[in-house]
$ cat upload_32.txt   # compact mmCIF, N, CA and C atoms
# COMPACT_ATOMS: atom_id res chain seq x y z
N MET I 3 -0.84 -11.03 10.52
CA MET I 3 -1.91 -10.82 9.57
C MET I 3 -1.53 -11.52 8.28
N GLY I 4 -2.34 -12.44 7.80
CA GLY I 4 -2.01 -13.22 6.63
C GLY I 4 -2.81 -12.82 5.41
N GLU I 5 -2.63 -13.60 4.33
CA GLU I 5 -3.29 -13.31 3.06
C GLU I 5 -4.80 -13.32 3.18
N ASN I 6 -5.37 -14.12 4.07
CA ASN I 6 -6.82 -14.25 4.18
C ASN I 6 -7.45 -13.15 5.03
N GLN I 7 -6.66 -12.23 5.51
CA GLN I 7 -7.19 -11.15 6.34
C GLN I 7 -7.91 -10.13 5.47
N LYS I 8 -8.91 -9.49 6.07
CA LYS I 8 -9.68 -8.48 5.35
C LYS I 8 -8.90 -7.17 5.22
N GLN I 9 -9.26 -6.48 4.15
CA GLN I 9 -8.73 -5.14 3.96
C GLN I 9 -9.92 -4.24 3.66
N GLU I 10 -9.93 -3.07 4.26
CA GLU I 10 -11.00 -2.12 4.01
C GLU I 10 -10.40 -0.79 3.57
N ILE I 11 -11.07 -0.17 2.60
CA ILE I 11 -10.67 1.14 2.11
C ILE I 11 -11.91 2.02 2.12
N LEU I 12 -11.87 3.10 2.87
CA LEU I 12 -12.98 4.04 2.96
C LEU I 12 -12.51 5.37 2.41
N ILE I 13 -13.19 5.85 1.36
CA ILE I 13 -12.83 7.11 0.72
C ILE I 13 -13.97 8.10 0.96
N ARG I 14 -13.62 9.26 1.50
CA ARG I 14 -14.60 10.32 1.75
C ARG I 14 -14.31 11.50 0.83
N ASN I 15 -15.23 11.74 -0.11
CA ASN I 15 -15.15 12.90 -1.01
C ASN I 15 -13.81 13.03 -1.73
N ARG I 16 -13.15 11.93 -1.97
CA ARG I 16 -11.84 11.90 -2.63
C ARG I 16 -10.81 12.77 -1.92
N GLU I 17 -11.05 13.07 -0.62
CA GLU I 17 -10.13 13.92 0.14
C GLU I 17 -9.56 13.22 1.37
N GLN I 18 -10.24 12.21 1.87
CA GLN I 18 -9.76 11.46 3.03
C GLN I 18 -9.89 9.97 2.74
N VAL I 19 -8.86 9.21 3.12
CA VAL I 19 -8.86 7.77 2.91
C VAL I 19 -8.47 7.09 4.22
N GLN I 20 -9.27 6.13 4.65
CA GLN I 20 -8.94 5.28 5.80
C GLN I 20 -8.72 3.87 5.27
N LEU I 21 -7.62 3.25 5.69
CA LEU I 21 -7.27 1.92 5.20
C LEU I 21 -6.97 0.99 6.37
N THR I 22 -7.32 -0.28 6.21
CA THR I 22 -6.89 -1.32 7.13
C THR I 22 -6.17 -2.39 6.31
N GLY I 23 -5.46 -3.27 6.99
CA GLY I 23 -4.70 -4.31 6.30
C GLY I 23 -3.35 -3.83 5.81
N ILE I 24 -2.85 -2.74 6.36
CA ILE I 24 -1.58 -2.15 5.94
C ILE I 24 -0.42 -2.86 6.63
N LEU I 25 0.55 -3.32 5.82
CA LEU I 25 1.75 -3.96 6.36
C LEU I 25 2.94 -3.01 6.40
N GLY I 26 2.96 -2.04 5.50
CA GLY I 26 4.07 -1.09 5.49
C GLY I 26 3.93 -0.08 4.37
N VAL I 27 4.73 0.98 4.45
CA VAL I 27 4.77 2.01 3.42
C VAL I 27 6.06 1.81 2.64
N ASP I 28 5.93 1.53 1.33
CA ASP I 28 7.12 1.32 0.50
C ASP I 28 7.74 2.64 0.07
N THR I 29 6.93 3.53 -0.51
CA THR I 29 7.40 4.86 -0.91
C THR I 29 6.25 5.85 -0.78
N PHE I 30 6.60 7.10 -0.60
CA PHE I 30 5.56 8.13 -0.61
C PHE I 30 6.15 9.49 -0.92
N ASP I 31 5.35 10.30 -1.60
CA ASP I 31 5.61 11.72 -1.77
C ASP I 31 4.24 12.38 -1.91
N SER I 32 4.18 13.63 -2.27
CA SER I 32 2.90 14.33 -2.28
C SER I 32 1.99 13.90 -3.42
N ASN I 33 2.52 13.12 -4.38
CA ASN I 33 1.71 12.67 -5.53
C ASN I 33 1.42 11.18 -5.54
N THR I 34 2.23 10.38 -4.86
CA THR I 34 2.08 8.92 -4.92
C THR I 34 2.43 8.29 -3.57
N ILE I 35 1.61 7.33 -3.15
CA ILE I 35 1.90 6.54 -1.95
C ILE I 35 1.77 5.07 -2.35
N VAL I 36 2.84 4.30 -2.12
CA VAL I 36 2.83 2.87 -2.43
C VAL I 36 2.90 2.10 -1.11
N LEU I 37 1.92 1.22 -0.90
CA LEU I 37 1.79 0.49 0.35
C LEU I 37 1.88 -1.02 0.12
N SER I 38 2.40 -1.73 1.12
CA SER I 38 2.29 -3.18 1.17
C SER I 38 1.08 -3.49 2.04
N THR I 39 0.16 -4.31 1.50
CA THR I 39 -1.05 -4.65 2.23
C THR I 39 -1.25 -6.16 2.24
N VAL I 40 -2.23 -6.61 2.99
CA VAL I 40 -2.53 -8.04 3.04
C VAL I 40 -3.06 -8.56 1.71
N GLN I 41 -3.49 -7.65 0.81
CA GLN I 41 -4.00 -8.03 -0.50
C GLN I 41 -3.02 -7.72 -1.63
N GLY I 42 -1.78 -7.40 -1.30
CA GLY I 42 -0.78 -7.05 -2.31
C GLY I 42 -0.39 -5.59 -2.19
N ASN I 43 0.38 -5.12 -3.15
CA ASN I 43 0.79 -3.72 -3.16
C ASN I 43 -0.36 -2.84 -3.60
N LEU I 44 -0.47 -1.67 -2.99
CA LEU I 44 -1.52 -0.71 -3.32
C LEU I 44 -0.87 0.63 -3.60
N CYS I 45 -1.22 1.23 -4.74
CA CYS I 45 -0.69 2.54 -5.12
C CYS I 45 -1.82 3.55 -5.13
N LEU I 46 -1.64 4.64 -4.41
CA LEU I 46 -2.61 5.75 -4.40
C LEU I 46 -1.94 6.93 -5.09
N GLU I 47 -2.67 7.55 -6.02
CA GLU I 47 -2.13 8.68 -6.75
C GLU I 47 -3.04 9.88 -6.56
N GLY I 48 -2.44 11.07 -6.55
CA GLY I 48 -3.22 12.28 -6.37
C GLY I 48 -2.33 13.49 -6.27
N ALA I 49 -2.82 14.49 -5.56
CA ALA I 49 -2.06 15.73 -5.35
C ALA I 49 -2.15 16.11 -3.88
N ASP I 50 -1.08 16.64 -3.36
CA ASP I 50 -1.01 17.07 -1.96
C ASP I 50 -1.38 15.94 -0.99
N LEU I 51 -0.93 14.72 -1.27
CA LEU I 51 -1.23 13.58 -0.39
C LEU I 51 -0.38 13.66 0.87
N HIS I 52 -1.01 13.38 2.00
CA HIS I 52 -0.34 13.40 3.29
C HIS I 52 -0.74 12.14 4.06
N ILE I 53 0.22 11.53 4.73
CA ILE I 53 -0.08 10.43 5.65
C ILE I 53 -0.37 11.08 7.00
N ASP I 54 -1.65 11.10 7.37
CA ASP I 54 -2.06 11.76 8.61
C ASP I 54 -1.86 10.87 9.82
N GLN I 55 -2.06 9.58 9.63
CA GLN I 55 -1.95 8.64 10.75
C GLN I 55 -1.47 7.30 10.22
N LEU I 56 -0.49 6.71 10.90
CA LEU I 56 0.03 5.40 10.52
C LEU I 56 0.20 4.58 11.79
N GLN I 57 -0.55 3.48 11.89
CA GLN I 57 -0.49 2.58 13.04
C GLN I 57 -0.20 1.17 12.53
N LEU I 58 1.08 0.88 12.30
CA LEU I 58 1.46 -0.41 11.73
C LEU I 58 1.12 -1.57 12.66
N GLU I 59 1.16 -1.34 13.98
CA GLU I 59 0.83 -2.42 14.92
C GLU I 59 -0.63 -2.86 14.74
N GLU I 60 -1.49 -1.90 14.38
CA GLU I 60 -2.92 -2.19 14.17
C GLU I 60 -3.25 -2.31 12.68
N HIS I 61 -2.25 -2.17 11.80
CA HIS I 61 -2.41 -2.29 10.34
C HIS I 61 -3.40 -1.27 9.79
N LYS I 62 -3.35 -0.03 10.31
CA LYS I 62 -4.27 1.03 9.90
C LYS I 62 -3.51 2.27 9.48
N MET I 63 -4.14 3.06 8.61
CA MET I 63 -3.59 4.37 8.27
C MET I 63 -4.68 5.28 7.72
N GLU I 64 -4.40 6.58 7.76
CA GLU I 64 -5.29 7.59 7.21
C GLU I 64 -4.47 8.52 6.33
N ILE I 65 -5.05 8.86 5.18
CA ILE I 65 -4.39 9.71 4.20
C ILE I 65 -5.35 10.85 3.85
N SER I 66 -4.81 12.05 3.63
CA SER I 66 -5.63 13.16 3.16
C SER I 66 -4.96 13.76 1.93
N GLY I 67 -5.75 14.50 1.17
CA GLY I 67 -5.26 15.13 -0.04
C GLY I 67 -6.30 14.99 -1.13
N ASN I 68 -5.89 15.20 -2.37
CA ASN I 68 -6.79 15.08 -3.52
C ASN I 68 -6.52 13.75 -4.21
N LEU I 69 -7.30 12.73 -3.87
CA LEU I 69 -7.11 11.39 -4.43
C LEU I 69 -7.62 11.36 -5.86
N GLN I 70 -6.76 10.92 -6.78
CA GLN I 70 -7.13 10.85 -8.19
C GLN I 70 -7.25 9.42 -8.68
N GLY I 71 -6.67 8.46 -7.97
CA GLY I 71 -6.79 7.06 -8.38
C GLY I 71 -6.06 6.14 -7.45
N LEU I 72 -6.43 4.87 -7.51
CA LEU I 72 -5.71 3.84 -6.76
C LEU I 72 -5.79 2.54 -7.53
N PHE I 73 -4.75 1.72 -7.37
CA PHE I 73 -4.75 0.41 -8.03
C PHE I 73 -3.90 -0.56 -7.24
N PHE I 74 -4.24 -1.84 -7.40
CA PHE I 74 -3.51 -2.92 -6.76
C PHE I 74 -2.54 -3.56 -7.73
N ASP I 75 -1.42 -4.01 -7.20
CA ASP I 75 -0.44 -4.78 -7.95
C ASP I 75 -0.53 -6.20 -7.42
N LYS I 76 -0.45 -7.18 -8.30
CA LYS I 76 -0.60 -8.57 -7.88
C LYS I 76 0.54 -9.05 -6.99
N ALA I 77 1.72 -8.47 -7.12
CA ALA I 77 2.86 -8.89 -6.30
C ALA I 77 2.56 -8.62 -4.83
N LYS I 78 2.86 -9.57 -3.98
CA LYS I 78 2.60 -9.39 -2.55
C LYS I 78 3.49 -8.32 -1.95
N ASN I 79 4.76 -8.28 -2.36
CA ASN I 79 5.65 -7.20 -1.95
C ASN I 79 6.86 -7.19 -2.85
N LYS I 80 7.54 -6.07 -2.91
CA LYS I 80 8.68 -5.93 -3.80
C LYS I 80 9.81 -6.87 -3.41
N GLN I 81 10.05 -7.02 -2.15
CA GLN I 81 11.15 -7.86 -1.69
C GLN I 81 10.93 -9.31 -2.10
N GLY I 82 9.70 -9.80 -2.00
CA GLY I 82 9.39 -11.17 -2.37
C GLY I 82 9.65 -11.42 -3.84
N SER I 83 9.25 -10.51 -4.73
CA SER I 83 9.47 -10.73 -6.14
C SER I 83 10.95 -10.59 -6.49
N LYS I 84 11.68 -9.72 -5.79
CA LYS I 84 13.12 -9.61 -6.02
C LYS I 84 13.80 -10.90 -5.61
N GLY I 85 13.41 -11.43 -4.48
CA GLY I 85 14.02 -12.66 -3.99
C GLY I 85 13.85 -13.80 -4.97
N LYS I 86 12.70 -13.94 -5.58
CA LYS I 86 12.47 -14.98 -6.57
C LYS I 86 13.34 -14.77 -7.78
N HIS I 87 13.49 -13.51 -8.21
CA HIS I 87 14.31 -13.22 -9.37
C HIS I 87 15.77 -13.59 -9.12
N ILE I 88 16.28 -13.21 -7.97
CA ILE I 88 17.67 -13.53 -7.63
C ILE I 88 17.84 -15.04 -7.52
N LEU I 89 16.91 -15.72 -6.86
CA LEU I 89 16.99 -17.18 -6.73
C LEU I 89 16.95 -17.83 -8.11
N GLY I 90 16.13 -17.32 -9.00
CA GLY I 90 16.06 -17.86 -10.37
C GLY I 90 17.39 -17.72 -11.10
N ARG I 91 18.08 -16.60 -10.90
CA ARG I 91 19.38 -16.41 -11.55
C ARG I 91 20.42 -17.34 -10.96
N ILE I 92 20.37 -17.59 -9.66
CA ILE I 92 21.34 -18.47 -9.01
C ILE I 92 21.17 -19.90 -9.49
N LEU I 93 19.93 -20.32 -9.67
CA LEU I 93 19.64 -21.71 -10.03
C LEU I 93 19.82 -22.00 -11.50
N LYS I 94 20.15 -21.02 -12.33
CA LYS I 94 20.34 -21.26 -13.77
C LYS I 94 21.55 -22.11 -14.05

$ encode --input "upload_32.txt" --output "structure tokens"
Amino acid sequence: MGENQKQEILIRNREQVQLTGILGVDTFDSNTIVLSTVQGNLCLEGADLHIDQLQLEEHKMEISGNLQGLFFDKAKNKQGSKGKHILGRILK
């Protein structure tokens, strides 16, 4: 799945979220879930968040809880930006 792949986010009553285009879960707890997606990093914030279903082979997941917000980060993934930083220090 590359950068040009579609990503869909379906939110039902701020209590259920279905997502496609998921590449991996970076971190999660009951208040924050950070995901790597085909469109960059995605952070979901709320209360009592649970990952109900995760199908990385199909790039899908479902989350439940009280969703209070979500936002995208321009970085494609944390590892990629770290790698550039380390390479930049080596090449100085």

$ closest_residue --input "upload_32.txt" --among "I:Leu56, I:Leu51, I:Val40, I:Ile11" --to "Gly23 (chain I)" --atoms "all atoms listed in the file"
I:Val40

$ residues_near_point --input "upload_32.txt" --point "(-3.3, 9.7, 4.9)" --cutoff "5 Å" --atoms "only N, CA and C atoms" --output "PyMOL selection string"
chain I and resi 52-55+64-66

$ closest_residue --input "upload_32.txt" --among "I:Phe73, I:Val19, I:Gly48, I:Glu60" --to "Asp31 (chain I)" --atoms "all atoms listed in the file"
I:Gly48

$ atom_distance --input "upload_32.txt" --atom1 "CA of Asn68 (chain I)" --atom2 "CA of Asp50 (chain I)"
6.3 Å

$ residues_around --input "upload_32.txt" --residues "Leu44 (chain I)" --least-positions-apart "3" --cutoff "6 Å" --atoms "all atoms listed in the file" --output "list in words"
Ile35, Val36, Leu37, Ser38, Thr39, Phe73, Phe74 and Asp75 of chain I

$ write_last_selection --input "upload_32.txt" --atoms "N, CA and C atoms" --output "short mmCIF file (atom, residue, chain, number, x, y, z; two decimals), in the coordinates of the input"
data_model
loop_
_atom_site.label_atom_id
_atom_site.label_comp_id
_atom_site.auth_asym_id
_atom_site.auth_seq_id
_atom_site.Cartn_x
_atom_site.Cartn_y
_atom_site.Cartn_z
N ILE I 35 1.61 7.33 -3.15
CA ILE I 35 1.90 6.54 -1.95
C ILE I 35 1.77 5.07 -2.35
N VAL I 36 2.84 4.30 -2.12
CA VAL I 36 2.83 2.87 -2.43
C VAL I 36 2.90 2.10 -1.11
N LEU I 37 1.92 1.22 -0.90
CA LEU I 37 1.79 0.49 0.35
C LEU I 37 1.88 -1.02 0.12
N SER I 38 2.40 -1.73 1.12
CA SER I 38 2.29 -3.18 1.17
C SER I 38 1.08 -3.49 2.04
N THR I 39 0.16 -4.31 1.50
CA THR I 39 -1.05 -4.65 2.23
C THR I 39 -1.25 -6.16 2.24
N PHE I 73 -4.75 1.72 -7.37
CA PHE I 73 -4.75 0.41 -8.03
C PHE I 73 -3.90 -0.56 -7.24
N PHE I 74 -4.24 -1.84 -7.40
CA PHE I 74 -3.51 -2.92 -6.76
C PHE I 74 -2.54 -3.56 -7.73
N ASP I 75 -1.42 -4.01 -7.20
CA ASP I 75 -0.44 -4.78 -7.95
C ASP I 75 -0.53 -6.20 -7.42
#

$ select_by_dssp --input "upload_32.txt" --residues "region 18-85 of chain I" --states "alpha helix (DSSP H)" --output "PyMOL selection string"
chain I and resi 80-85
